[in-house]
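Visitor: Submitted below is the structure of interest, expressed as C-alpha cells.
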Amino acid sequence: MKSLLRSTVLLAVATGIAASPVQAGAVTQEPPREGSQYARLDHPQPVRESARTEAIEFFWYDCGHSQKLEKPLQAWTEKHRADVNLRRVPAVWQGSPEETAQRGHARLYYTLERLGLVERLQVNAFRAVHDSELDVITEDSAANWAVSQGVDAQQFRTAYRSTEVRQAVDEAAALFVRYEINELPTVVVQGEYRTSPTRAGGVEAMPEVLDQLVQQEQSQRRH
C-alpha cells in the first residue's frame, strides 16, 4: 500500500496535469508562461552570490517523478554547466507520515554530497529506494548500501554522523516550507520561479521550462 504522502503527491500531479491545457508529453509551440508552466513564489528567496543562475531541485528518493527527472536534469545541468549552479534539496515534509523516512533519505543524500559522490550514485540511490524498496533510513542500512556501491564504510559513517550533515537535514526541512513546495519534484530558479510536473505538463517538459526561466533571468540581469 502506498504511503499517504506518496499518494497525495502523485494525486496532486495527476490532478494538475488533467486540469492543465498542456498534457503530459505534449509538445507546445508557445513559450512557457507564468501562471501556467511556472509560478512565481509568494515570497522570493535570496540566492547565493554567484555569477551563475541558481536552480534548486527539491526531490525525494521514493518519488517516481523525482526519479524520472534525474537523468534529464543531469543532462540539462551539463548543458548549463557554465551558467547555472544546481543545488539539490531532499524533501523533508515536517509532520507528515513519511517524515522519519524522508529524514533518513535526506541524511543519505547529504552524506553522499559531503563525500562528493552524488553525481556517481544519485541514480543508484533512486533505484535502491524507489525500485528495490530498500530500507536506507538508518545509519547501518544506509552504510550497507553504500558499501555495496564501493564506498568506504568508515568514511561513509564519519560523514553520516557529522554535524554538517545533521544540520543540512534540518535546513532541508525549513527550505521545504520557505520555498512553498507542494509537489515533487519542484525546481526553483533564482529563488523566484518554480516549476514542477503539474506546472510544466509532465516531467519530460520541465527542462524546456527551465531553459526559458534561466534565459529570462539572465536577460533581466543584463538589463
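We label chains A, B, ... in the order they appear in the C-alpha cells, count residues from 1 in each chain, and number ligands from 1 in the order shown.
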Stretch 74-159 of chain A: which residues are strand (DSSP E) by DSSP, as a list in words?

Guide: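 Residues meeting the strand (DSSP E) criterion: Val84, Asn85, Leu86, Arg87, Arg88, Val89 and Pro90 of chain A.
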
Visitor: Would you mind exporting the chosen residues as a PDB file, in the first residue's frame, restricted to C-alpha atoms?

Guide:
ATOM      1  CA  VAL A  84      23.721  27.550 -13.858  1.00  0.00           C
ATOM      2  CA  ASN A  85      24.544  26.386 -10.358  1.00  0.00           C
ATOM      3  CA  LEU A  86      22.305  23.436  -9.394  1.00  0.00           C
ATOM      4  CA  ARG A  87      21.567  22.706  -5.741  1.00  0.00           C
ATOM      5  CA  ARG A  88      19.633  19.628  -4.698  1.00  0.00           C
ATOM      6  CA  VAL A  89      17.462  19.625  -1.580  1.00  0.00           C
ATOM      7  CA  PRO A  90      15.934  16.340  -0.381  1.00  0.00           C
TER       8      PRO A  90
END

Visitor: Hey, could you make a per-residue contact list for stretch 34-142 of chain A against stretch 185-200 of chain A with 7 Å as the cut-off, showing the nearest pair of atoms and its distance in Å to one decimal, counting only C-alpha atoms, sorted by chain and number, as JSON lines?

Guide:
{"residue": "A:Ser36", "atom": "CA", "partner": "A:Arg199", "partner_atom": "CA", "distance": 6.1}
{"residue": "A:Gln37", "atom": "CA", "partner": "A:Ala200", "partner_atom": "CA", "distance": 4.4}
{"residue": "A:Tyr38", "atom": "CA", "partner": "A:Thr195", "partner_atom": "CA", "distance": 4.6}
{"residue": "A:Ala39", "atom": "CA", "partner": "A:Arg194", "partner_atom": "CA", "distance": 5.5}
{"residue": "A:Arg40", "atom": "CA", "partner": "A:Tyr193", "partner_atom": "CA", "distance": 4.6}
{"residue": "A:Leu41", "atom": "CA", "partner": "A:Glu192", "partner_atom": "CA", "distance": 5.4}
{"residue": "A:Pro44", "atom": "CA", "partner": "A:Glu192", "partner_atom": "CA", "distance": 4.7}
{"residue": "A:Gln45", "atom": "CA", "partner": "A:Gly191", "partner_atom": "CA", "distance": 4.6}
{"residue": "A:Pro46", "atom": "CA", "partner": "A:Gly191", "partner_atom": "CA", "distance": 6.0}
{"residue": "A:Val47", "atom": "CA", "partner": "A:Gly191", "partner_atom": "CA", "distance": 6.0}
{"residue": "A:Thr53", "atom": "CA", "partner": "A:Gln190", "partner_atom": "CA", "distance": 6.0}
{"residue": "A:Glu54", "atom": "CA", "partner": "A:Gln190", "partner_atom": "CA", "distance": 4.9}
{"residue": "A:Ala55", "atom": "CA", "partner": "A:Val189", "partner_atom": "CA", "distance": 4.5}
{"residue": "A:Ile56", "atom": "CA", "partner": "A:Val188", "partner_atom": "CA", "distance": 5.1}
{"residue": "A:Glu57", "atom": "CA", "partner": "A:Val187", "partner_atom": "CA", "distance": 4.3}
{"residue": "A:Phe58", "atom": "CA", "partner": "A:Thr186", "partner_atom": "CA", "distance": 5.3}
{"residue": "A:Phe59", "atom": "CA", "partner": "A:Pro185", "partner_atom": "CA", "distance": 4.9}
{"residue": "A:His65", "atom": "CA", "partner": "A:Pro185", "partner_atom": "CA", "distance": 6.5}
{"residue": "A:Ser66", "atom": "CA", "partner": "A:Pro185", "partner_atom": "CA", "distance": 5.0}

Visitor: Output C-alpha atoms for every residue in that selection, as a PDB file, in the first residue's frame.

Guide:
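So the final result, stored in out_14.pdb, reads:
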ATOM      1  CA  SER A  36       0.734  28.183 -16.450  1.00  0.00           C
ATOM      2  CA  GLN A  37       4.039  26.332 -16.914  1.00  0.00           C
ATOM      3  CA  TYR A  38       5.669  28.048 -13.945  1.00  0.00           C
ATOM      4  CA  ALA A  39       4.697  30.143 -10.936  1.00  0.00           C
ATOM      5  CA  ARG A  40       6.241  32.983  -9.004  1.00  0.00           C
ATOM      6  CA  LEU A  41       6.937  32.339  -5.321  1.00  0.00           C
ATOM      7  CA  PRO A  44      11.056  35.105  -3.245  1.00  0.00           C
ATOM      8  CA  GLN A  45      14.149  33.761  -1.521  1.00  0.00           C
ATOM      9  CA  PRO A  46      17.696  35.148  -1.559  1.00  0.00           C
ATOM     10  CA  VAL A  47      20.226  33.358  -3.724  1.00  0.00           C
ATOM     11  CA  THR A  53      21.929  31.445 -12.109  1.00  0.00           C
ATOM     12  CA  GLU A  54      20.821  29.322  -9.153  1.00  0.00           C
ATOM     13  CA  ALA A  55      18.456  26.390  -9.653  1.00  0.00           C
ATOM     14  CA  ILE A  56      17.290  24.333  -6.659  1.00  0.00           C
ATOM     15  CA  GLU A  57      15.718  20.907  -7.125  1.00  0.00           C
ATOM     16  CA  PHE A  58      13.503  19.508  -4.373  1.00  0.00           C
ATOM     17  CA  PHE A  59      13.273  15.730  -4.684  1.00  0.00           C
ATOM     18  CA  HIS A  65       8.538  11.558 -10.689  1.00  0.00           C
ATOM     19  CA  SER A  66      11.746  12.690  -8.982  1.00  0.00           C
TER      20      SER A  66
END

Visitor: Measure the distance from atom CA of A:Ala143 to atom CA of A:Val169 in Å and round it to one decimal.

Guide: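 Distance reported for this atom pair: 17.2 Å.
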
Visitor: If we count only C-alpha atoms and set the cut-off at 12 Å, which residues sit around A:Ala128, ignoring sequence neighbours fewer than 2 positions away in its own chain? Please answer as number ranges by chain.

Guide: A: 61-63, 67, 105, 108, 121-126, 130-137, 141-142, 144-146, 148-149

Visitor: Write the residues of the preceding selection, restricted to C-alpha atoms, as a JSON list (two decimals), in the first residue's frame.

Guide:
[["chain", "number", "residue", "atom", "x", "y", "z"],
["A", 61, "TYR", "CA", 14.28, 9.18, -3.39],
["A", 62, "ASP", "CA", 10.91, 7.42, -3.01],
["A", 63, "CYS", "CA", 9.14, 9.60, -5.59],
["A", 67, "GLN", "CA", 13.45, 9.55, -10.25],
["A", 105, "HIS", "CA", 16.85, 9.64, 2.89],
["A", 108, "LEU", "CA", 21.90, 9.61, 2.96],
["A", 121, "LEU", "CA", 25.46, 7.44, -7.05],
["A", 122, "GLN", "CA", 22.30, 9.56, -7.30],
["A", 123, "VAL", "CA", 20.64, 7.37, -9.92],
["A", 124, "ASN", "CA", 21.59, 4.23, -7.97],
["A", 125, "ALA", "CA", 20.07, 5.68, -4.80],
["A", 126, "PHE", "CA", 16.78, 6.27, -6.59],
["A", 130, "HIS", "CA", 12.08, 3.52, -5.23],
["A", 131, "ASP", "CA", 12.55, 0.43, -7.40],
["A", 132, "SER", "CA", 14.01, -2.07, -4.93],
["A", 133, "GLU", "CA", 12.23, -0.61, -1.87],
["A", 134, "LEU", "CA", 15.46, -0.86, 0.07],
["A", 135, "ASP", "CA", 15.43, 0.47, 3.63],
["A", 136, "VAL", "CA", 18.22, 3.05, 3.90],
["A", 137, "ILE", "CA", 16.82, 5.25, 6.65],
["A", 141, "SER", "CA", 21.19, 0.23, 6.43],
["A", 142, "ALA", "CA", 22.50, 3.28, 4.56],
["A", 144, "ASN", "CA", 25.43, -1.30, 3.99],
["A", 145, "TRP", "CA", 24.02, 0.05, 0.75],
["A", 146, "ALA", "CA", 26.90, 2.49, 0.33],
["A", 148, "SER", "CA", 27.66, -2.30, -1.87],
["A", 149, "GLN", "CA", 28.33, 0.68, -4.16]]

Visitor: DSSP says alpha helix (DSSP H) for which residues of stretch 52-165 of chain A? Put them as a PyMOL selection string?

Guide: chain A and resi 64-79+99-114+118-126+139-148+153-160+163-165

Visitor: When you draw a straight line from atom CA of A:Gln167 to atom CA of A:Asp42, how long is it in Å?

Guide: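 Interatomic distance, atom CA of A:Gln167 to atom CA of A:Asp42: 26.0 Å.
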
Visitor: Which one is closest to A:Leu112: A:Gln74, A:Gln155, A:Gln215, A:Thr138? Count only C-alpha atoms.

Guide: A:Gln155

Visitor: Go through A:Val118, A:Gln218, A:Pro97, A:Val92 and flag the residue nearest A:Ala168, using only C-alpha atoms for the distances.

Guide: A:Val92

Visitor: Interatomic distance between atom CA of A:Thr77 and atom CA of A:Ala173?

Guide: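 Computed distance, atom CA of A:Thr77 to atom CA of A:Ala173, equals 24.2 Å.
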
Visitor: Which is closest to A:Arg52 among A:Lys71, A:Arg166, A:Arg221, A:Arg114, if we use only C-alpha atoms?

Guide: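 Ranking A:Lys71, A:Arg166, A:Arg221, A:Arg114 by distance to A:Arg52, first place goes to A:Arg221.
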